[in-house]
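Below is one structure, written out as structure tokens, with a few remarks after it.
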Amino acid sequence: MTLPAEFVAGLREILGERGVISDAADQAPYLSDARQRVESSCDIVARPSATAEVAEIVRRCQEADVPIVPRGGGTGLVGGTVAAGGVVLSLDRMRAVQHVDPLNMTMTVEAGCILKDIQDAAQEAGCYFPLSLGAEGSCQIGGNISTNAGGAGVLRYGNTRELVMGLEVVLPNGEIWEGMNALRKNNMGYDLKQLFIGAEGTLGIITRAVLKLFPRPRTRVTLLAAMDGLERILPLFDLVRADLGDRVTAFELIPRLAMELCTRHIDGLADPFTEPHPQYALIEIASPRADEDLRGEIEHVLGGALETGRISDAVFAENEGRALALWRLRESIPEAQTREGASIKHDVSVPVSRTTEFIEKANAALAPVVPGVRFCAFGHIGDGNIHYNLTQPVDADGAAFLDRAEDFHRIVHDMVVEMGGSISAEHGIGTFKKAELAHYRSSLELDLMRRIKRAMDPGNIMNPGKIISV
Ligand SMILES: Cc1cc2nc3c(=O)[nH]c(=O)nc-3n(C[C@H](O)[C@H](O)[C@H](O)COP(=O)(O)OP(=O)(O)OC[C@H]3O[C@@H](n4cnc5c(N)ncnc54)[C@H](O)[C@@H]3O)c2cc1C
């Protein structure tokens, strides 16, 4: 679509020269996304610097029937920021940490704040903001809230939904909903903020948020345990959690293939063990007490596990640098997979107790579909979220392998749903998973979603075409 010149001039008046990008080359960074699978284009990129400016742009777009795609850090993995003309509205000039209240354990931020900056600001105030994911250096809190991001700390602290206390949102007609509560108890009717969390920008633009903080961990132990089979992982998780309770902050599965791909393709990564092992668990435990002997406690647990064969070996990160290296190993798996060749990905969840059963059944069902397919199931097994990824057979044609993606998706997603799971655990629906959502949610659920969308955005201007078609 081509926007009328007076409309664009109006936006320039509101935002100034810095706030409007119409040159295609300058727009490019605002049109890419982490998967790069779909072309995206827009007429202008709008970069407001305050909520009132966001509201005025949205009001004008609504009047002129111009679609808006809200944009955070562009790290989403499901095509949620793909645009087809109209306005891409970036929050990248709204990145202030406005207030930290260590006594109330809350923080007030603008939606364009980079996640890492929020973590750092919390730490400076002696507190802790636990949302943590591989893209934390570039994703924005508005994007995290809009995707209800998960990450490595969900096991202990919950998804982003559990970390949001209040929101400010510009609605599709340009009204500003002011819901910036910093309350731990608030039962005044419907909890409206929940509508916008995980809505992927389809119901409004989040402009500010009140976030929940936690006591800062003063003792932390990070380790990698090695196992001789997948069947060992849940008993180990059970054992560690029984002893250390909610001091277990992360429990991640890393299969042998992932270790091989990471050490082959990612600079500076090495296998910390002298022998190869079929499976590994990256475990992190933490406590706000400085004098807690976490290392002694977990060594005691793992000593018993070693004696009974539940683990084969373990390495502890002896300092912060080693801990970061172990996490880098875990976070580099998708990148290493990409460098190895074509891969087909599934972001799914099942009840924690059924995770290994799911992986084994899925592997058995898929092995005959493409002989030689390499299984790389990894991730947040402690909260039931498996990144069930497949790597092309060695020396196979990557494009031909990707042509089979739909066959794999159907088998995996059918199995997940049959096991009481979800076909989108933490990345959302965007455009890529829309058809799958329509396939697996009931007609009543889809109808309810459409009714909400139509009621709030009758002109369908707010991130149109994402999640559901209306
Ligand atoms: C290396 C890597 C690791 C990752 N690890 C994880 C992980 O562990 N867990 C996880 O959950 N995700 C993970 N992701 C996915 C991604 O980082 C998250 O989905 C993140 O929350 C997206 O934030 P963003 O700011 O980049 O949002 P974007 O990609 O810019 O946008 C995502 C969606 O939110 C909407 N949106 C953005 N900002 C706003 C706003 N202010 N108001 C309304 N709507 C808005 C967009 O329209 C879009 O639909 C990872 C991605 C990468 C590249």
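Ligands are numbered from 1 in the order shown, chains are lettered A, B, ... in the order of the structure tokens, and residues start at 1 in each chain.
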
Using only C-alpha atoms, find each residue in segment 38-81 of chain A having at least one atom no more than 7 Å away from segment 162-179 of chain A; report its shortest atom-to-atom pair and that distance in Å (one decimal), rows by chain then rising number, as JSON lines.
```
{"residue": "A:Ala55", "atom": "CA", "partner": "A:Gly174", "partner_atom": "CA", "distance": 4.6}
{"residue": "A:Glu56", "atom": "CA", "partner": "A:Gly174", "partner_atom": "CA", "distance": 6.4}
{"residue": "A:Val58", "atom": "CA", "partner": "A:Gly174", "partner_atom": "CA", "distance": 5.0}
{"residue": "A:Arg59", "atom": "CA", "partner": "A:Gly174", "partner_atom": "CA", "distance": 4.3}
{"residue": "A:Gln62", "atom": "CA", "partner": "A:Asn173", "partner_atom": "CA", "distance": 6.0}
```

What are the closest atom pairs, with distances in Å to one decimal, for all residues of chain A lying within 6 Å of ligand 1? Consider only C-alpha atoms and all ligand atoms, order rows by chain and residue number, and present the result as a Markdown table.
```
| residue | atom | partner | partner_atom_place_in_ligand_line | distance |
| --- | --- | --- | --- | --- |
| A:Ala34 | CA | ligand 1 | 53 (C) | 5.3 |
| A:Val69 | CA | ligand 1 | 47 (O) | 5.5 |
| A:Pro70 | CA | ligand 1 | 47 (O) | 4.2 |
| A:Arg71 | CA | ligand 1 | 30 (O) | 4.3 |
| A:Gly72 | CA | ligand 1 | 30 (O) | 3.2 |
| A:Gly73 | CA | ligand 1 | 26 (O) | 3.5 |
| A:Gly74 | CA | ligand 1 | 30 (O) | 3.4 |
| A:Thr75 | CA | ligand 1 | 26 (O) | 3.5 |
| A:Gly76 | CA | ligand 1 | 29 (O) | 3.4 |
| A:Leu77 | CA | ligand 1 | 15 (C) | 5.4 |
| A:Gly80 | CA | ligand 1 | 49 (O) | 3.6 |
| A:Thr81 | CA | ligand 1 | 48 (C) | 4.7 |
| A:Ala111 | CA | ligand 1 | 41 (N) | 5.2 |
| A:Leu133 | CA | ligand 1 | 8 (O) | 4.3 |
| A:Gly134 | CA | ligand 1 | 3 (C) | 3.8 |
| A:Ala135 | CA | ligand 1 | 2 (C) | 4.3 |
| A:Cys139 | CA | ligand 1 | 25 (O) | 3.7 |
| A:Gln140 | CA | ligand 1 | 25 (O) | 3.7 |
| A:Gly142 | CA | ligand 1 | 41 (N) | 3.7 |
| A:Gly143 | CA | ligand 1 | 27 (O) | 3.5 |
| A:Asn144 | CA | ligand 1 | 21 (O) | 3.3 |
| A:Ser146 | CA | ligand 1 | 34 (O) | 4.6 |
| A:Thr147 | CA | ligand 1 | 21 (O) | 5.3 |
| A:Ala149 | CA | ligand 1 | 11 (O) | 3.4 |
| A:Gly150 | CA | ligand 1 | 11 (O) | 3.9 |
| A:Gly151 | CA | ligand 1 | 8 (O) | 3.5 |
| A:Glu200 | CA | ligand 1 | 49 (O) | 3.8 |
| A:Gly201 | CA | ligand 1 | 44 (N) | 3.2 |
| A:Gly204 | CA | ligand 1 | 43 (C) | 5.8 |
| A:Ile205 | CA | ligand 1 | 42 (N) | 3.7 |
| A:Ile206 | CA | ligand 1 | 42 (N) | 3.8 |
| A:Thr207 | CA | ligand 1 | 41 (N) | 5.6 |
| A:Glu426 | CA | ligand 1 | 11 (O) | 4.3 |
| A:His427 | CA | ligand 1 | 11 (O) | 5.0 |
| A:Gly430 | CA | ligand 1 | 49 (O) | 5.9 |
```

Just the selected residues (N, CA, C and O atoms), exported as a tab-separated table (two decimals), in the first residue's frame, please.
```tsv
chain	number	residue	atom	x	y	z
A	34	ALA	N	14.28	-12.97	13.36
A	34	ALA	CA	15.30	-13.97	13.66
A	34	ALA	C	15.27	-15.16	12.71
A	34	ALA	O	16.28	-15.82	12.50
A	69	VAL	N	2.28	-2.70	12.61
A	69	VAL	CA	2.95	-3.86	13.20
A	69	VAL	C	3.84	-3.37	14.33
A	69	VAL	O	4.84	-2.67	14.08
A	70	PRO	N	3.50	-3.70	15.60
A	70	PRO	CA	4.39	-3.30	16.70
A	70	PRO	C	5.68	-4.10	16.62
A	70	PRO	O	5.67	-5.28	16.31
A	71	ARG	N	6.76	-3.43	16.93
A	71	ARG	CA	8.06	-4.09	16.79
A	71	ARG	C	8.93	-3.86	18.02
A	71	ARG	O	9.14	-2.73	18.45
A	72	GLY	N	9.45	-4.97	18.58
A	72	GLY	CA	10.39	-4.88	19.69
A	72	GLY	C	11.80	-5.07	19.14
A	72	GLY	O	12.23	-4.38	18.22
A	73	GLY	N	12.50	-6.07	19.67
A	73	GLY	CA	13.87	-6.33	19.24
A	73	GLY	C	13.97	-7.15	17.96
A	73	GLY	O	15.06	-7.37	17.46
A	74	GLY	N	12.84	-7.65	17.48
A	74	GLY	CA	12.86	-8.45	16.24
A	74	GLY	C	13.51	-9.81	16.41
A	74	GLY	O	13.98	-10.40	15.45
A	75	THR	N	13.51	-10.35	17.64
A	75	THR	CA	14.13	-11.67	17.87
A	75	THR	C	13.10	-12.79	17.89
A	75	THR	O	13.45	-13.95	18.13
A	76	GLY	N	11.84	-12.46	17.67
A	76	GLY	CA	10.78	-13.47	17.68
A	76	GLY	C	11.03	-14.53	16.63
A	76	GLY	O	11.66	-14.26	15.60
A	77	LEU	N	10.54	-15.74	16.88
A	77	LEU	CA	10.88	-16.88	16.01
A	77	LEU	C	9.70	-17.38	15.20
A	77	LEU	O	9.79	-18.43	14.56
A	80	GLY	N	6.18	-12.92	13.84
A	80	GLY	CA	5.19	-12.01	14.45
A	80	GLY	C	5.35	-10.56	14.04
A	80	GLY	O	4.42	-9.77	14.19
A	81	THR	N	6.52	-10.19	13.51
A	81	THR	CA	6.73	-8.79	13.14
A	81	THR	C	6.74	-8.60	11.62
A	81	THR	O	7.12	-7.53	11.13
A	111	ALA	N	8.44	0.11	27.38
A	111	ALA	CA	8.36	-1.19	26.70
A	111	ALA	C	9.57	-1.49	25.82
A	111	ALA	O	9.86	-2.65	25.52
A	133	LEU	N	16.90	-15.24	28.56
A	133	LEU	CA	16.87	-16.06	27.35
A	133	LEU	C	18.02	-15.68	26.43
A	133	LEU	O	18.66	-14.64	26.62
A	134	GLY	N	18.26	-16.53	25.44
A	134	GLY	CA	19.43	-16.37	24.57
A	134	GLY	C	19.47	-15.03	23.87
A	134	GLY	O	20.54	-14.53	23.55
A	135	ALA	N	18.31	-14.42	23.63
A	135	ALA	CA	18.26	-13.16	22.88
A	135	ALA	C	18.22	-11.95	23.82
A	135	ALA	O	17.87	-10.84	23.40
A	139	CYS	N	16.40	-8.47	22.69
A	139	CYS	CA	14.93	-8.45	22.77
A	139	CYS	C	14.50	-7.36	23.77
A	139	CYS	O	15.25	-6.97	24.66
A	140	GLN	N	13.28	-6.86	23.57
A	140	GLN	CA	12.75	-5.79	24.44
A	140	GLN	C	11.67	-6.36	25.35
A	140	GLN	O	10.97	-7.32	24.99
A	142	GLY	N	8.80	-5.22	25.98
A	142	GLY	CA	7.47	-5.20	25.33
A	142	GLY	C	7.26	-6.43	24.47
A	142	GLY	O	6.17	-7.01	24.45
A	143	GLY	N	8.33	-6.85	23.78
A	143	GLY	CA	8.27	-8.09	22.98
A	143	GLY	C	8.15	-9.31	23.87
A	143	GLY	O	7.39	-10.24	23.59
A	144	ASN	N	8.89	-9.30	24.99
A	144	ASN	CA	8.82	-10.43	25.93
A	144	ASN	C	7.40	-10.59	26.48
A	144	ASN	O	6.87	-11.69	26.59
A	146	SER	N	4.64	-9.41	25.12
A	146	SER	CA	3.69	-9.73	24.04
A	146	SER	C	3.78	-11.17	23.59
A	146	SER	O	2.84	-11.69	23.00
A	147	THR	N	4.92	-11.82	23.84
A	147	THR	CA	5.05	-13.24	23.48
A	147	THR	C	4.96	-14.13	24.73
A	147	THR	O	5.12	-15.35	24.61
A	149	ALA	N	7.17	-14.59	26.97
A	149	ALA	CA	8.41	-15.35	26.80
A	149	ALA	C	8.69	-16.26	27.99
A	149	ALA	O	8.30	-15.98	29.13
A	150	GLY	N	9.36	-17.37	27.70
A	150	GLY	CA	9.69	-18.35	28.74
A	150	GLY	C	11.15	-18.22	29.14
A	150	GLY	O	11.51	-17.35	29.91
A	151	GLY	N	11.98	-19.10	28.60
A	151	GLY	CA	13.41	-19.02	28.92
A	151	GLY	C	13.81	-20.01	29.99
A	151	GLY	O	13.05	-20.91	30.36
A	200	GLU	N	0.77	-10.98	21.25
A	200	GLU	CA	1.64	-10.76	20.08
A	200	GLU	C	1.28	-9.48	19.31
A	200	GLU	O	1.29	-9.45	18.07
A	201	GLY	N	0.92	-8.46	20.04
A	201	GLY	CA	0.68	-7.16	19.43
A	201	GLY	C	-0.62	-7.07	18.64
A	201	GLY	O	-0.82	-6.10	17.92
A	204	GLY	N	-3.13	-4.40	20.93
A	204	GLY	CA	-2.71	-3.07	21.33
A	204	GLY	C	-1.20	-3.03	21.46
A	204	GLY	O	-0.52	-4.06	21.31
A	205	ILE	N	-0.69	-1.83	21.71
A	205	ILE	CA	0.75	-1.66	21.84
A	205	ILE	C	1.11	-1.41	23.30
A	205	ILE	O	0.64	-0.43	23.90
A	206	ILE	N	1.88	-2.29	23.85
A	206	ILE	CA	2.33	-2.12	25.24
A	206	ILE	C	3.38	-1.02	25.26
A	206	ILE	O	4.34	-1.06	24.46
A	207	THR	N	3.17	-0.02	26.12
A	207	THR	CA	4.11	1.10	26.14
A	207	THR	C	4.93	1.15	27.44
A	207	THR	O	6.05	1.66	27.45
A	426	GLU	N	6.61	-21.65	24.03
A	426	GLU	CA	7.08	-20.33	24.48
A	426	GLU	C	7.29	-19.33	23.36
A	426	GLU	O	7.46	-18.15	23.62
A	427	HIS	N	7.28	-19.74	22.10
A	427	HIS	CA	7.59	-18.78	21.04
A	427	HIS	C	6.38	-18.09	20.45
A	427	HIS	O	6.52	-17.09	19.75
A	430	GLY	N	2.40	-16.14	15.89
A	430	GLY	CA	2.82	-15.27	14.78
A	430	GLY	C	2.10	-15.61	13.49
A	430	GLY	O	0.89	-15.84	13.47
```

Step one, run DSSP on the backbone; step two, keep only residues of segment 93-210 of chain A assigned to helix (DSSP H, G or I); then write them as a compact mmCIF listing (two decimals) with N, CA, C and O atoms, in the first residue's frame.
```txt
# COMPACT_ATOMS: atom_id res chain seq x y z
N LEU A 115 16.00 -6.37 27.48
CA LEU A 115 15.91 -7.26 28.66
C LEU A 115 17.18 -7.22 29.51
O LEU A 115 17.12 -7.15 30.74
N LYS A 116 18.34 -7.23 28.87
CA LYS A 116 19.60 -7.25 29.63
C LYS A 116 19.73 -5.98 30.48
O LYS A 116 20.23 -6.03 31.61
N ASP A 117 19.29 -4.84 29.95
CA ASP A 117 19.37 -3.59 30.72
C ASP A 117 18.47 -3.66 31.95
O ASP A 117 18.79 -3.10 33.00
N ILE A 118 17.35 -4.36 31.81
CA ILE A 118 16.44 -4.51 32.96
C ILE A 118 17.10 -5.39 34.03
O ILE A 118 17.09 -5.07 35.22
N GLN A 119 17.70 -6.49 33.56
CA GLN A 119 18.40 -7.37 34.52
C GLN A 119 19.49 -6.58 35.26
O GLN A 119 19.63 -6.69 36.49
N ASP A 120 20.25 -5.77 34.51
CA ASP A 120 21.35 -5.00 35.12
C ASP A 120 20.83 -3.96 36.11
O ASP A 120 21.40 -3.77 37.18
N ALA A 121 19.73 -3.29 35.73
CA ALA A 121 19.17 -2.26 36.62
C ALA A 121 18.66 -2.90 37.91
O ALA A 121 18.82 -2.34 39.00
N ALA A 122 18.07 -4.08 37.79
CA ALA A 122 17.59 -4.77 39.00
C ALA A 122 18.77 -5.12 39.90
O ALA A 122 18.73 -4.91 41.12
N GLN A 123 19.82 -5.61 39.28
CA GLN A 123 21.01 -6.00 40.04
C GLN A 123 21.62 -4.80 40.76
O GLN A 123 22.00 -4.89 41.93
N GLU A 124 21.70 -3.68 40.05
CA GLU A 124 22.26 -2.47 40.66
C GLU A 124 21.49 -2.06 41.89
O GLU A 124 22.05 -1.50 42.84
N ILE A 141 11.49 -5.71 26.49
CA ILE A 141 10.50 -6.23 27.44
C ILE A 141 9.08 -6.20 26.84
O ILE A 141 8.28 -7.10 27.10
N GLY A 142 8.80 -5.22 25.98
CA GLY A 142 7.47 -5.20 25.33
C GLY A 142 7.26 -6.43 24.47
O GLY A 142 6.17 -7.01 24.45
N GLY A 143 8.33 -6.85 23.78
CA GLY A 143 8.27 -8.09 22.98
C GLY A 143 8.15 -9.31 23.87
O GLY A 143 7.39 -10.24 23.59
N ASN A 144 8.89 -9.30 24.99
CA ASN A 144 8.82 -10.43 25.93
C ASN A 144 7.40 -10.59 26.48
O ASN A 144 6.87 -11.69 26.59
N ILE A 145 6.81 -9.46 26.83
CA ILE A 145 5.45 -9.52 27.40
C ILE A 145 4.46 -9.95 26.32
O ILE A 145 3.57 -10.78 26.56
N SER A 146 4.64 -9.41 25.12
CA SER A 146 3.69 -9.73 24.04
C SER A 146 3.78 -11.17 23.59
O SER A 146 2.84 -11.69 23.00
N VAL A 154 11.98 -20.38 34.03
CA VAL A 154 10.54 -20.63 34.23
C VAL A 154 10.30 -21.62 35.36
O VAL A 154 9.36 -21.49 36.16
N LEU A 155 11.16 -22.61 35.45
CA LEU A 155 11.05 -23.64 36.47
C LEU A 155 10.87 -23.04 37.87
O LEU A 155 10.03 -23.48 38.65
N ARG A 156 11.62 -22.01 38.17
CA ARG A 156 11.57 -21.39 39.50
C ARG A 156 10.68 -20.15 39.55
O ARG A 156 9.97 -19.92 40.54
N TYR A 157 10.70 -19.34 38.49
CA TYR A 157 10.06 -18.02 38.57
C TYR A 157 8.82 -17.87 37.69
O TYR A 157 8.13 -16.87 37.76
N THR A 160 6.88 -15.02 31.61
CA THR A 160 6.78 -13.56 31.73
C THR A 160 5.46 -13.14 32.37
O THR A 160 5.40 -12.20 33.15
N ARG A 161 4.39 -13.88 32.02
CA ARG A 161 3.07 -13.56 32.59
C ARG A 161 3.13 -13.42 34.11
O ARG A 161 2.48 -12.56 34.70
N GLU A 162 3.91 -14.29 34.75
CA GLU A 162 4.00 -14.27 36.23
C GLU A 162 4.86 -13.10 36.72
O GLU A 162 4.90 -12.83 37.92
N LEU A 163 5.55 -12.43 35.81
CA LEU A 163 6.49 -11.38 36.22
C LEU A 163 5.96 -9.98 35.95
O LEU A 163 6.63 -9.00 36.19
N LYS A 193 -4.86 -6.89 32.15
CA LYS A 193 -3.50 -6.99 31.59
C LYS A 193 -3.26 -8.35 30.94
O LYS A 193 -2.50 -8.47 29.98
N GLN A 194 -3.97 -9.38 31.47
CA GLN A 194 -3.73 -10.74 30.94
C GLN A 194 -4.07 -10.84 29.46
O GLN A 194 -3.52 -11.67 28.74
N LEU A 195 -5.01 -9.99 29.01
CA LEU A 195 -5.40 -10.01 27.60
C LEU A 195 -4.23 -9.66 26.68
O LEU A 195 -4.11 -10.18 25.58
N PHE A 196 -3.40 -8.73 27.15
CA PHE A 196 -2.34 -8.21 26.28
C PHE A 196 -1.06 -9.04 26.38
O PHE A 196 -0.22 -9.00 25.49
```

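Using only C-alpha atoms, the protein and nucleic acid residues lying no more than 8 Å from Phe375 of chain A, apart from those fewer than 2 places from it along its own chain, are Leu257, Asn363, Val373, Ala377, Tyr388, Asn389, Leu390 and Thr391 of chain A.
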
Please produce an output containing C-alpha atoms for each residue in the selection, written as a tab-separated table (two decimals), in the first residue's frame.
```
chain	number	residue	atom	x	y	z
A	257	LEU	CA	24.36	-34.42	19.06
A	363	ASN	CA	12.05	-40.35	17.59
A	373	VAL	CA	17.44	-37.91	10.30
A	377	ALA	CA	15.72	-32.70	21.39
A	388	TYR	CA	12.23	-30.97	19.48
A	389	ASN	CA	14.55	-30.24	16.57
A	390	LEU	CA	15.63	-32.41	13.70
A	391	THR	CA	18.85	-32.07	11.74
```

* To do: Show which residues sit within 12 Å of segment 434-446 of chain A, as a ChimeraX atom specification. Count only C-alpha atoms, and ignore same-chain residues fewer than 3 positions away.
  => /A:78-80,346,406,409-410,412-418,420-424,428-431,449-453,465-470

* To do: Tell me which protein, DNA and RNA residues are within 10 Å of Ser49 of chain A, counting only C-alpha atoms, leaving out same-chain ones fewer than 5 positions away, and put them as a PyMOL selection string.
  => chain A and resi 15+18-19+54+90-95+110+112

Please report, as a Markdown table, each residue of segment 331-387 of chain A lying at most 10 Å from segment 226-245 of chain A, together with the nearest pair of atoms and the separation in Å rounded to one decimal; use only C-alpha atoms, and order rows by chain and ascending residue number.
```
| residue | atom | partner | partner_atom | distance |
| --- | --- | --- | --- | --- |
| A:Val352 | CA | A:Leu234 | CA | 8.3 |
| A:Ser353 | CA | A:Leu234 | CA | 7.4 |
| A:Arg354 | CA | A:Leu234 | CA | 9.2 |
| A:Thr355 | CA | A:Leu234 | CA | 8.4 |
| A:Thr356 | CA | A:Leu230 | CA | 6.6 |
| A:Glu357 | CA | A:Glu231 | CA | 8.5 |
| A:Ile359 | CA | A:Leu230 | CA | 8.8 |
| A:Glu360 | CA | A:Leu230 | CA | 8.4 |
| A:Ile381 | CA | A:Leu234 | CA | 8.6 |
| A:Gly382 | CA | A:Phe237 | CA | 7.2 |
```

Expected file contents, prior selection, C-alpha atoms, as a compact mmCIF listing (two decimals), in the first residue's frame:
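Final output, result09.txt:
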```txt
# COMPACT_ATOMS: atom_id res chain seq x y z
CA VAL A 352 7.12 -32.77 32.77
CA SER A 353 6.48 -36.39 33.74
CA ARG A 354 5.95 -37.30 30.04
CA THR A 355 8.85 -35.42 28.45
CA THR A 356 11.21 -38.34 27.89
CA GLU A 357 8.36 -40.61 26.84
CA ILE A 359 11.00 -37.72 22.91
CA GLU A 360 11.39 -41.48 22.63
CA ILE A 381 12.90 -30.16 30.36
CA GLY A 382 12.39 -29.03 33.97
```

* So which residues touch Ala281 of chain A within 6 Å, counting only C-alpha atoms, skipping near sequence neighbours fewer than 5 positions away, as an NGL selection string? -> :A and (224-225 or 252-253)

Restricting it to C-alpha atoms, dump the selection as a CSV table (one decimal), in the first residue's frame.
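Result written to result_10.csv:
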```csv
chain,number,residue,atom,x,y,z
A,224,LEU,CA,26.7,-30.2,33.8
A,225,ALA,CA,25.8,-33.8,34.6
A,252,GLU,CA,18.1,-28.1,30.8
A,253,LEU,CA,18.5,-31.2,28.6
```

* To do: Can you pull out every residue within 12 Å of Ser41 of chain A, counting only C-alpha atoms, but drop anything in the same chain fewer than 6 positions away, and send it as JSON, numbers by chain?
  => {"A": [1, 2, 22, 23, 24, 25, 27, 28, 29, 30, 31, 32, 33, 67, 68, 69, 81, 82, 83, 84, 85, 86, 87, 88]}

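Relative to atom CA of Leu326 of chain A, atom CA of Met259 of chain A is found at 10.9 Å.
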
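One finds atom CA of Ile461 of chain A at 20.2 Å from atom CA of Arg12 of chain A.
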